[in-house]
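> You'll find target-v8.pdb just under this line, and it carries PDB, C-alpha atoms, pLDDT in the B column.
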MODEL        1
ATOM      1  CA  SER A   1      31.747  71.314  34.007  1.00 81.00           C
ATOM      2  CA  THR A   2      32.958  69.487  30.925  1.00 85.00           C
ATOM      3  CA  TYR A   3      34.458  71.040  27.819  1.00 77.00           C
ATOM      4  CA  LEU A   4      34.190  69.223  24.507  1.00 72.00           C
ATOM      5  CA  PRO A   5      36.234  70.594  21.609  1.00 72.00           C
ATOM      6  CA  ARG A   6      34.791  71.686  18.297  1.00 74.00           C
ATOM      7  CA  LEU A   7      34.933  68.974  15.658  1.00 77.00           C
ATOM      8  CA  TYR A   8      35.522  69.487  11.967  1.00 76.00           C
ATOM      9  CA  THR A   9      34.670  66.800   9.429  1.00 82.00           C
ATOM     10  CA  GLU A  10      37.790  67.255   7.279  1.00 83.00           C
ATOM     11  CA  LEU A  11      40.041  66.888  10.306  1.00 85.00           C
ATOM     12  CA  ASN A  12      38.199  64.792  12.881  1.00 89.00           C
ATOM     13  CA  GLY A  13      35.831  62.700  10.730  1.00 93.00           C
ATOM     14  CA  ALA A  14      38.247  59.822   9.989  1.00 96.00           C
ATOM     15  CA  ILE A  15      36.570  56.433  10.533  1.00 97.00           C
ATOM     16  CA  ASN A  16      38.546  53.976  12.629  1.00 97.00           C
ATOM     17  CA  PHE A  17      37.446  50.489  11.581  1.00 96.00           C
ATOM     18  CA  SER A  18      39.152  48.926  14.606  1.00 95.00           C
ATOM     19  CA  TRP A  19      36.405  50.322  16.876  1.00 96.00           C
ATOM     20  CA  VAL A  20      33.421  48.208  17.878  1.00 96.00           C
ATOM     21  CA  PRO A  21      30.521  48.481  15.397  1.00 96.00           C
ATOM     22  CA  ASN A  22      28.222  50.487  17.673  1.00 96.00           C
ATOM     23  CA  ASP A  23      30.934  53.109  18.192  1.00 97.00           C
ATOM     24  CA  ILE A  24      31.523  53.276  14.433  1.00 97.00           C
ATOM     25  CA  GLU A  25      27.786  53.777  13.912  1.00 96.00           C
ATOM     26  CA  LYS A  26      27.597  56.634  16.449  1.00 96.00           C
ATOM     27  CA  PHE A  27      30.698  58.245  14.982  1.00 95.00           C
ATOM     28  CA  ILE A  28      29.384  58.184  11.402  1.00 95.00           C
ATOM     29  CA  ARG A  29      26.025  59.581  12.561  1.00 94.00           C
ATOM     30  CA  ALA A  30      27.791  62.430  14.380  1.00 91.00           C
ATOM     31  CA  PHE A  31      29.288  63.591  11.078  1.00 89.00           C
ATOM     32  CA  GLY A  32      26.142  62.864   9.063  1.00 84.00           C
ATOM     33  CA  PRO A  33      23.721  65.154   7.261  1.00 79.00           C
ATOM     34  CA  MET A  34      24.148  68.587   7.317  1.00 79.00           C
ATOM     35  CA  TYR A  35      27.839  67.745   7.212  1.00 81.00           C
ATOM     36  CA  PRO A  36      29.625  65.871   4.383  1.00 85.00           C
ATOM     37  CA  GLY A  37      29.882  62.670   6.451  1.00 89.00           C
ATOM     38  CA  ALA A  38      32.581  60.737   8.250  1.00 95.00           C
ATOM     39  CA  PHE A  39      35.271  59.654   5.826  1.00 96.00           C
ATOM     40  CA  THR A  40      37.506  56.774   4.880  1.00 97.00           C
ATOM     41  CA  PHE A  41      39.406  55.844   1.735  1.00 97.00           C
ATOM     42  CA  LEU A  42      38.981  53.607  -1.267  1.00 97.00           C
ATOM     43  CA  LYS A  43      42.553  53.333  -2.506  1.00 95.00           C
ATOM     44  CA  GLU A  44      43.607  57.021  -2.870  1.00 95.00           C
ATOM     45  CA  ASP A  45      40.059  58.401  -3.051  1.00 96.00           C
ATOM     46  CA  LYS A  46      38.463  59.873   0.048  1.00 96.00           C
ATOM     47  CA  ILE A  47      34.831  58.856   0.431  1.00 96.00           C
ATOM     48  CA  TYR A  48      32.266  60.314   2.814  1.00 96.00           C
ATOM     49  CA  ILE A  49      29.506  58.075   4.127  1.00 96.00           C
ATOM     50  CA  GLN A  50      26.209  59.952   3.818  1.00 93.00           C
ATOM     51  CA  LYS A  51      23.584  57.316   4.610  1.00 95.00           C
ATOM     52  CA  PHE A  52      23.938  53.829   6.093  1.00 97.00           C
ATOM     53  CA  HIS A  53      22.599  51.388   8.633  1.00 97.00           C
ATOM     54  CA  LEU A  54      24.123  48.712  10.821  1.00 97.00           C
ATOM     55  CA  VAL A  55      22.993  45.061  10.738  1.00 97.00           C
ATOM     56  CA  LYS A  56      24.015  42.327  13.181  1.00 97.00           C
ATOM     57  CA  SER A  57      25.857  39.511  11.432  1.00 96.00           C
ATOM     58  CA  GLU A  58      25.479  35.809  12.101  1.00 94.00           C
ATOM     59  CA  SER A  59      29.255  35.542  11.768  1.00 91.00           C
ATOM     60  CA  VAL A  60      32.186  37.160  13.519  1.00 95.00           C
ATOM     61  CA  TYR A  61      34.746  38.429  11.027  1.00 94.00           C
ATOM     62  CA  HIS A  62      38.491  38.221  11.411  1.00 95.00           C
ATOM     63  CA  PRO A  63      40.067  41.713  11.702  1.00 94.00           C
ATOM     64  CA  PHE A  64      41.626  41.216   8.260  1.00 95.00           C
ATOM     65  CA  LEU A  65      38.137  41.349   6.703  1.00 95.00           C
ATOM     66  CA  VAL A  66      36.958  44.460   8.529  1.00 96.00           C
ATOM     67  CA  GLY A  67      36.334  47.201   5.967  1.00 97.00           C
ATOM     68  CA  LYS A  68      36.024  44.791   3.009  1.00 97.00           C
ATOM     69  CA  VAL A  69      33.041  45.113   0.694  1.00 98.00           C
ATOM     70  CA  LEU A  70      31.369  41.703   0.972  1.00 97.00           C
ATOM     71  CA  SER A  71      28.572  42.247  -1.519  1.00 97.00           C
ATOM     72  CA  VAL A  72      26.913  44.729  -3.809  1.00 98.00           C
ATOM     73  CA  LEU A  73      23.145  44.614  -3.362  1.00 97.00           C
ATOM     74  CA  LYS A  74      20.584  44.885  -6.181  1.00 97.00           C
ATOM     75  CA  ASN A  75      19.443  48.296  -4.927  1.00 97.00           C
ATOM     76  CA  GLY A  76      22.963  49.752  -5.323  1.00 97.00           C
ATOM     77  CA  ASN A  77      23.855  49.537  -1.628  1.00 98.00           C
ATOM     78  CA  VAL A  78      26.964  47.699  -0.435  1.00 98.00           C
ATOM     79  CA  LYS A  79      27.592  45.451   2.545  1.00 98.00           C
ATOM     80  CA  VAL A  80      30.861  46.087   4.398  1.00 98.00           C
ATOM     81  CA  ALA A  81      32.256  43.726   7.061  1.00 97.00           C
ATOM     82  CA  LEU A  82      32.719  44.942  10.616  1.00 97.00           C
ATOM     83  CA  HIS A  83      33.626  42.696  13.564  1.00 95.00           C
ATOM     84  CA  ASP A  84      30.198  41.113  14.130  1.00 96.00           C
ATOM     85  CA  HIS A  85      28.021  43.435  12.050  1.00 97.00           C
ATOM     86  CA  TYR A  86      27.586  44.651   8.497  1.00 96.00           C
ATOM     87  CA  LEU A  87      27.685  48.284   7.560  1.00 97.00           C
ATOM     88  CA  ILE A  88      25.125  48.698   4.789  1.00 98.00           C
ATOM     89  CA  ILE A  89      26.121  51.846   2.916  1.00 98.00           C
ATOM     90  CA  GLU A  90      23.226  53.443   1.044  1.00 97.00           C
ATOM     91  CA  LYS A  91      24.703  56.753  -0.118  1.00 96.00           C
ATOM     92  CA  LEU A  92      28.151  58.314  -0.177  1.00 95.00           C
ATOM     93  CA  MET A  93      30.093  61.235  -1.564  1.00 94.00           C
ATOM     94  CA  PHE A  94      32.798  60.169  -4.025  1.00 96.00           C
ATOM     95  CA  ARG A  95      34.938  62.674  -5.938  1.00 94.00           C
ATOM     96  CA  GLY A  96      32.615  65.502  -4.894  1.00 91.00           C
ATOM     97  CA  LYS A  97      29.370  63.852  -6.032  1.00 94.00           C
ATOM     98  CA  ILE A  98      26.644  62.058  -4.100  1.00 94.00           C
ATOM     99  CA  VAL A  99      26.353  58.531  -5.527  1.00 96.00           C
ATOM    100  CA  LYS A 100      24.957  55.090  -4.814  1.00 97.00           C
ATOM    101  CA  PRO A 101      27.825  52.998  -3.393  1.00 98.00           C
ATOM    102  CA  ALA A 102      27.673  50.443  -6.237  1.00 97.00           C
ATOM    103  CA  GLU A 103      28.833  53.194  -8.613  1.00 97.00           C
ATOM    104  CA  CYS A 104      32.311  53.178  -7.078  1.00 97.00           C
ATOM    105  CA  LEU A 105      32.633  50.132  -4.783  1.00 98.00           C
ATOM    106  CA  LYS A 106      33.106  46.530  -5.899  1.00 97.00           C
ATOM    107  CA  ILE A 107      33.208  43.238  -4.033  1.00 97.00           C
ATOM    108  CA  MET A 108      36.440  42.867  -2.032  1.00 94.00           C
ATOM    109  CA  ASN A 109      37.356  46.550  -2.259  1.00 97.00           C
ATOM    110  CA  THR A 110      38.684  47.635   1.111  1.00 97.00           C
ATOM    111  CA  LEU A 111      37.625  50.766   2.954  1.00 98.00           C
ATOM    112  CA  TYR A 112      40.604  51.846   5.001  1.00 97.00           C
ATOM    113  CA  THR A 113      41.672  54.960   6.862  1.00 97.00           C
ATOM    114  CA  PRO A 114      45.470  55.459   6.951  1.00 96.00           C
ATOM    115  CA  LYS A 115      47.085  55.715  10.371  1.00 96.00           C
ATOM    116  CA  GLU A 116      48.199  59.328   9.882  1.00 95.00           C
ATOM    117  CA  TYR A 117      44.572  60.432   9.360  1.00 94.00           C
ATOM    118  CA  LEU A 118      43.433  58.576  12.480  1.00 96.00           C
ATOM    119  CA  GLU A 119      46.218  60.066  14.591  1.00 94.00           C
ATOM    120  CA  ARG A 120      45.582  63.573  13.275  1.00 91.00           C
ATOM    121  CA  ALA A 121      41.844  63.203  13.957  1.00 90.00           C
ATOM    122  CA  MET A 122      42.498  62.300  17.593  1.00 89.00           C
ATOM    123  CA  ILE A 123      45.130  64.943  18.319  1.00 87.00           C
ATOM    124  CA  LYS A 124      44.261  68.082  16.350  1.00 82.00           C
ATOM    125  CA  ILE A 125      41.670  70.602  17.469  1.00 77.00           C
ATOM    126  CA  PRO A 126      40.534  72.779  14.575  1.00 72.00           C
ATOM    127  CA  LYS A 127      40.593  76.550  14.515  1.00 73.00           C
ATOM    128  CA  VAL A 128      37.506  78.237  13.094  1.00 69.00           C
ATOM    129  CA  LYS A 129      39.577  80.165  10.541  1.00 69.00           C
ATOM    130  CA  ASP A 130      40.882  76.864   9.137  1.00 66.00           C
ATOM    131  CA  MET A 131      37.438  75.359   8.560  1.00 66.00           C
ATOM    132  CA  VAL A 132      36.260  75.242   4.970  1.00 63.00           C
ATOM    133  CA  GLN A 133      32.814  74.009   4.043  1.00 57.00           C
ATOM    134  CA  ILE A 134      32.906  71.256   1.419  1.00 50.00           C
ATOM    135  CA  PRO A 135      30.269  71.973  -1.222  1.00 50.00           C
ATOM    136  CA  TYR A 136      28.251  69.034  -2.423  1.00 45.00           C
ATOM    137  CA  LYS A 137      25.045  68.600  -4.367  1.00 48.00           C
ATOM    138  CA  GLU A 138      22.315  66.126  -3.582  1.00 46.00           C
ATOM    139  CA  LYS A 139      21.799  63.939  -6.662  1.00 44.00           C
ATOM    140  CA  ILE A 140      20.028  60.906  -5.244  1.00 41.00           C
TER     141      ILE A 140
ENDMDL
END
Transcribe the structure of this file into structure tokens.


Amino acid sequence: STYLPRLYTELNGAINFSWVPNDIEKFIRAFGPMYPGAFTFLKEDKIYIQKFHLVKSESVYHPFLVGKVLSVLKNGNVKVALHDHYLIIEKLMFRGKIVKPAECLKIMNTLYTPKEYLERAMIKIPKVKDMVQIPYKEKI
């Protein structure tokens, strides 16, 4: 038999932008609704991706551009560069509120998860007593 450990968004939900786009997509979906969402950072602010979709790009982006906001769309969504895809973010949690991405992201902002969060996410297995539900309210 196979044992898979319990996962906890606040500990294990750190997005690693060095992964291939399809793995990033599966990872974000795994921490999606009913949970706060997989997370990354915009400068010092932690953001949780609530709703998104992946689109194949006609270009292949240099690793330096991965995680950069390439455009803000008219509908309030943002387009983020991945290796050979775009991550179109439609809804996120920012500072405890559900918002359209254009409310907090601008062109050339970089979504980035610090190394210590990625390492902690891979190594630590949460204990039930340490899990705290993050309250959030649906506003969109």

> CA of Lys26 in chain A and CA of Gly13 in chain A are how many Å apart?

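Result for CA of Lys26 in chain A versus CA of Gly13 in chain A: 11.7 Å, one decimal.
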
> Could you expand the PyMOL selection byres ((chain A and resi 105-122) around 7) into the explicit residues it covers here, written as JSON, numbers by chain?

{"A": [11, 12, 13, 14, 15, 16, 40, 41, 42, 67, 68, 69, 70, 71, 72, 101, 102, 103, 104, 123, 124]}

> Mind checking which residues fall within 12 Å of Pro33 in chain A, counting all atoms listed in the file, ignoring those fewer than 6 positions away in the same chain, and posting them as a list of chain:residue names?

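Contacts, with the query itself left out: A:Thr9, A:Tyr48, A:Ile49, A:Gln50, A:Lys51, A:Phe52, A:Lys91, A:Leu92, A:Met93, A:Tyr136, A:Glu138.
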
> Enumerate, as a list of chain:residue names, the residues matched when the PyMOL selection byres ((chain A and resi 95) around 9) is run on the file above.

A:Asp45, A:Lys46, A:Ile47, A:Met93, A:Phe94, A:Gly96, A:Lys97, A:Ile98

> Would you mind reading off the distance between CA of His85 in chain A and CA of Val55 in chain A, one decimal, in Å?

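Going from CA of His85 in chain A over to CA of Val55 in chain A covers 5.4 Å.
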
> Output, as lines of an AutoDock Vina configuration file, the centre and edge lengths in Å (one decimal) of the axis-aligned box that contains all listed atoms of range 76-85 of chain A with 8 Å of margin on each side.


center_x = 28.3
center_y = 45.4
center_z = 4.4
size_x = 26.7
size_y = 24.6
size_z = 35.5

> Given the file above and the PyMOL selection byres ((chain A and resi 75) around 9), which residues are selected, and can you give them as a PyMOL selection string?

chain A and resi 72-74+76-78+90+100+102

> Restricting the output to C-alpha atoms, write the selected residues as an mmCIF file, in the frame of the given file.


data_model
loop_
_atom_site.group_PDB
_atom_site.id
_atom_site.type_symbol
_atom_site.label_atom_id
_atom_site.label_comp_id
_atom_site.auth_asym_id
_atom_site.auth_seq_id
_atom_site.Cartn_x
_atom_site.Cartn_y
_atom_site.Cartn_z
ATOM 1 C CA VAL A 72 26.913 44.729 -3.809
ATOM 2 C CA LEU A 73 23.145 44.614 -3.362
ATOM 3 C CA LYS A 74 20.584 44.885 -6.181
ATOM 4 C CA GLY A 76 22.963 49.752 -5.323
ATOM 5 C CA ASN A 77 23.855 49.537 -1.628
ATOM 6 C CA VAL A 78 26.964 47.699 -0.435
ATOM 7 C CA GLU A 90 23.226 53.443 1.044
ATOM 8 C CA LYS A 100 24.957 55.090 -4.814
ATOM 9 C CA ALA A 102 27.673 50.443 -6.237
#

> Record the distance separating CA of Gly37 in chain A and CA of Leu65 in chain A, expressed in Å with one decimal.

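These atoms are spaced 22.9 Å apart.
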
> Using only C-alpha atoms, which residue out of A:Thr2, A:Tyr8, A:Pro21, A:Glu58 lies closest to Pro126 in chain A?

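So, comparing all the options, the nearest one is A:Tyr8.
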
> Which residue, A:Leu54, A:Val60, A:Val99, A:Ala30, has the smallest gap to Lys79 in chain A when you use only C-alpha atoms?

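Between A:Leu54, A:Val60, A:Val99, A:Ala30, the residue approaching Lys79 in chain A most closely is A:Leu54.
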
> From the coordinates I just gave you, please extract range 42-54 of chain A so that only all heavy atoms remain, then output it as a PDB file, in the first residue's frame.


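Saved the output as out.pdb:
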ATOM      1  N   LEU A  42       3.651  38.462  -3.713  1.00  0.00           N
ATOM      2  CA  LEU A  42       3.832  39.693  -4.467  1.00  0.00           C
ATOM      3  C   LEU A  42       4.561  40.613  -3.497  1.00  0.00           C
ATOM      4  O   LEU A  42       3.968  41.074  -2.523  1.00  0.00           O
ATOM      5  CB  LEU A  42       2.489  40.297  -4.881  1.00  0.00           C
ATOM      6  CG  LEU A  42       2.562  41.690  -5.480  1.00  0.00           C
ATOM      7  CD1 LEU A  42       3.344  41.663  -6.792  1.00  0.00           C
ATOM      8  CD2 LEU A  42       1.177  42.259  -5.686  1.00  0.00           C
ATOM      9  N   LYS A  43       5.838  40.786  -3.717  1.00  0.00           N
ATOM     10  CA  LYS A  43       6.706  41.482  -2.763  1.00  0.00           C
ATOM     11  C   LYS A  43       6.590  40.790  -1.408  1.00  0.00           C
ATOM     12  O   LYS A  43       6.885  39.612  -1.304  1.00  0.00           O
ATOM     13  CB  LYS A  43       6.392  42.972  -2.727  1.00  0.00           C
ATOM     14  CG  LYS A  43       6.590  43.626  -4.080  1.00  0.00           C
ATOM     15  CD  LYS A  43       6.238  45.067  -4.075  1.00  0.00           C
ATOM     16  CE  LYS A  43       6.394  45.610  -5.488  1.00  0.00           C
ATOM     17  NZ  LYS A  43       5.804  46.901  -5.653  1.00  0.00           N
ATOM     18  N   GLU A  44       6.120  41.471  -0.353  1.00  0.00           N
ATOM     19  CA  GLU A  44       6.007  40.839   0.970  1.00  0.00           C
ATOM     20  C   GLU A  44       4.618  40.266   1.223  1.00  0.00           C
ATOM     21  O   GLU A  44       4.393  39.647   2.255  1.00  0.00           O
ATOM     22  CB  GLU A  44       6.327  41.846   2.089  1.00  0.00           C
ATOM     23  CG  GLU A  44       7.728  42.397   2.059  1.00  0.00           C
ATOM     24  CD  GLU A  44       7.873  43.570   1.095  1.00  0.00           C
ATOM     25  OE1 GLU A  44       6.904  44.332   0.900  1.00  0.00           O
ATOM     26  OE2 GLU A  44       8.949  43.699   0.511  1.00  0.00           O
ATOM     27  N   ASP A  45       3.687  40.493   0.319  1.00  0.00           N
ATOM     28  CA  ASP A  45       2.307  40.045   0.520  1.00  0.00           C
ATOM     29  C   ASP A  45       2.093  38.633  -0.019  1.00  0.00           C
ATOM     30  O   ASP A  45       2.408  38.353  -1.184  1.00  0.00           O
ATOM     31  CB  ASP A  45       1.327  40.989  -0.188  1.00  0.00           C
ATOM     32  CG  ASP A  45       1.217  42.333   0.504  1.00  0.00           C
ATOM     33  OD1 ASP A  45       0.949  42.342   1.716  1.00  0.00           O
ATOM     34  OD2 ASP A  45       1.390  43.356  -0.176  1.00  0.00           O
ATOM     35  N   LYS A  46       1.526  37.789   0.814  1.00  0.00           N
ATOM     36  CA  LYS A  46       1.170  36.438   0.389  1.00  0.00           C
ATOM     37  C   LYS A  46      -0.157  36.518  -0.356  1.00  0.00           C
ATOM     38  O   LYS A  46      -1.089  37.161   0.116  1.00  0.00           O
ATOM     39  CB  LYS A  46       1.036  35.523   1.611  1.00  0.00           C
ATOM     40  CG  LYS A  46       0.856  34.059   1.243  1.00  0.00           C
ATOM     41  CD  LYS A  46       0.591  33.200   2.472  1.00  0.00           C
ATOM     42  CE  LYS A  46       1.847  32.753   3.145  1.00  0.00           C
ATOM     43  NZ  LYS A  46       1.576  31.744   4.204  1.00  0.00           N
ATOM     44  N   ILE A  47      -0.208  35.900  -1.530  1.00  0.00           N
ATOM     45  CA  ILE A  47      -1.462  35.843  -2.274  1.00  0.00           C
ATOM     46  C   ILE A  47      -1.820  34.384  -2.537  1.00  0.00           C
ATOM     47  O   ILE A  47      -0.948  33.547  -2.729  1.00  0.00           O
ATOM     48  CB  ILE A  47      -1.417  36.649  -3.589  1.00  0.00           C
ATOM     49  CG1 ILE A  47      -0.390  36.082  -4.553  1.00  0.00           C
ATOM     50  CG2 ILE A  47      -1.174  38.115  -3.326  1.00  0.00           C
ATOM     51  CD1 ILE A  47      -0.483  36.693  -5.938  1.00  0.00           C
ATOM     52  N   TYR A  48      -3.111  34.115  -2.500  1.00  0.00           N
ATOM     53  CA  TYR A  48      -3.633  32.767  -2.725  1.00  0.00           C
ATOM     54  C   TYR A  48      -4.403  32.764  -4.032  1.00  0.00           C
ATOM     55  O   TYR A  48      -5.329  33.563  -4.206  1.00  0.00           O
ATOM     56  CB  TYR A  48      -4.585  32.368  -1.598  1.00  0.00           C
ATOM     57  CG  TYR A  48      -3.939  32.320  -0.241  1.00  0.00           C
ATOM     58  CD1 TYR A  48      -3.797  33.480   0.522  1.00  0.00           C
ATOM     59  CD2 TYR A  48      -3.476  31.124   0.286  1.00  0.00           C
ATOM     60  CE1 TYR A  48      -3.216  33.445   1.778  1.00  0.00           C
ATOM     61  CE2 TYR A  48      -2.892  31.080   1.540  1.00  0.00           C
ATOM     62  CZ  TYR A  48      -2.768  32.243   2.281  1.00  0.00           C
ATOM     63  OH  TYR A  48      -2.186  32.206   3.520  1.00  0.00           O
ATOM     64  N   ILE A  49      -4.053  31.887  -4.938  1.00  0.00           N
ATOM     65  CA  ILE A  49      -4.750  31.811  -6.218  1.00  0.00           C
ATOM     66  C   ILE A  49      -6.020  30.993  -6.031  1.00  0.00           C
ATOM     67  O   ILE A  49      -5.973  29.832  -5.644  1.00  0.00           O
ATOM     68  CB  ILE A  49      -3.850  31.215  -7.308  1.00  0.00           C
ATOM     69  CG1 ILE A  49      -2.636  32.127  -7.516  1.00  0.00           C
ATOM     70  CG2 ILE A  49      -4.641  31.032  -8.605  1.00  0.00           C
ATOM     71  CD1 ILE A  49      -1.618  31.624  -8.505  1.00  0.00           C
ATOM     72  N   GLN A  50      -7.158  31.628  -6.295  1.00  0.00           N
ATOM     73  CA  GLN A  50      -8.472  31.019  -6.097  1.00  0.00           C
ATOM     74  C   GLN A  50      -9.048  30.428  -7.379  1.00  0.00           C
ATOM     75  O   GLN A  50      -9.667  29.384  -7.354  1.00  0.00           O
ATOM     76  CB  GLN A  50      -9.450  32.077  -5.587  1.00  0.00           C
ATOM     77  CG  GLN A  50      -9.092  32.628  -4.239  1.00  0.00           C
ATOM     78  CD  GLN A  50      -9.668  31.784  -3.138  1.00  0.00           C
ATOM     79  OE1 GLN A  50     -10.842  31.480  -3.166  1.00  0.00           O
ATOM     80  NE2 GLN A  50      -8.852  31.394  -2.201  1.00  0.00           N
ATOM     81  N   LYS A  51      -8.886  31.144  -8.482  1.00  0.00           N
ATOM     82  CA  LYS A  51      -9.452  30.696  -9.758  1.00  0.00           C
ATOM     83  C   LYS A  51      -8.498  31.100 -10.871  1.00  0.00           C
ATOM     84  O   LYS A  51      -7.999  32.231 -10.886  1.00  0.00           O
ATOM     85  CB  LYS A  51     -10.828  31.331  -9.970  1.00  0.00           C
ATOM     86  CG  LYS A  51     -11.555  30.815 -11.177  1.00  0.00           C
ATOM     87  CD  LYS A  51     -12.963  31.401 -11.249  1.00  0.00           C
ATOM     88  CE  LYS A  51     -13.688  30.874 -12.476  1.00  0.00           C
ATOM     89  NZ  LYS A  51     -14.996  31.532 -12.642  1.00  0.00           N
ATOM     90  N   PHE A  52      -8.273  30.193 -11.827  1.00  0.00           N
ATOM     91  CA  PHE A  52      -7.302  30.438 -12.889  1.00  0.00           C
ATOM     92  C   PHE A  52      -7.554  29.447 -14.024  1.00  0.00           C
ATOM     93  O   PHE A  52      -8.339  28.508 -13.885  1.00  0.00           O
ATOM     94  CB  PHE A  52      -5.875  30.238 -12.358  1.00  0.00           C
ATOM     95  CG  PHE A  52      -5.563  28.787 -12.140  1.00  0.00           C
ATOM     96  CD1 PHE A  52      -4.826  28.084 -13.076  1.00  0.00           C
ATOM     97  CD2 PHE A  52      -6.047  28.113 -11.035  1.00  0.00           C
ATOM     98  CE1 PHE A  52      -4.575  26.724 -12.895  1.00  0.00           C
ATOM     99  CE2 PHE A  52      -5.789  26.767 -10.848  1.00  0.00           C
ATOM    100  CZ  PHE A  52      -5.050  26.075 -11.772  1.00  0.00           C
ATOM    101  N   HIS A  53      -6.862  29.641 -15.109  1.00  0.00           N
ATOM    102  CA  HIS A  53      -6.763  28.608 -16.138  1.00  0.00           C
ATOM    103  C   HIS A  53      -5.421  28.752 -16.853  1.00  0.00           C
ATOM    104  O   HIS A  53      -4.772  29.795 -16.772  1.00  0.00           O
ATOM    105  CB  HIS A  53      -7.959  28.606 -17.104  1.00  0.00           C
ATOM    106  CG  HIS A  53      -8.110  29.825 -17.942  1.00  0.00           C
ATOM    107  ND1 HIS A  53      -8.749  30.966 -17.486  1.00  0.00           N
ATOM    108  CD2 HIS A  53      -7.723  30.096 -19.201  1.00  0.00           C
ATOM    109  CE1 HIS A  53      -8.741  31.875 -18.446  1.00  0.00           C
ATOM    110  NE2 HIS A  53      -8.128  31.388 -19.482  1.00  0.00           N
ATOM    111  N   LEU A  54      -5.028  27.681 -17.500  1.00  0.00           N
ATOM    112  CA  LEU A  54      -3.735  27.615 -18.168  1.00  0.00           C
ATOM    113  C   LEU A  54      -3.967  27.710 -19.671  1.00  0.00           C
ATOM    114  O   LEU A  54      -4.887  27.088 -20.201  1.00  0.00           O
ATOM    115  CB  LEU A  54      -3.090  26.269 -17.812  1.00  0.00           C
ATOM    116  CG  LEU A  54      -1.608  26.084 -17.998  1.00  0.00           C
ATOM    117  CD1 LEU A  54      -0.821  27.052 -17.133  1.00  0.00           C
ATOM    118  CD2 LEU A  54      -1.220  24.653 -17.652  1.00  0.00           C
TER     119      LEU A  54
END
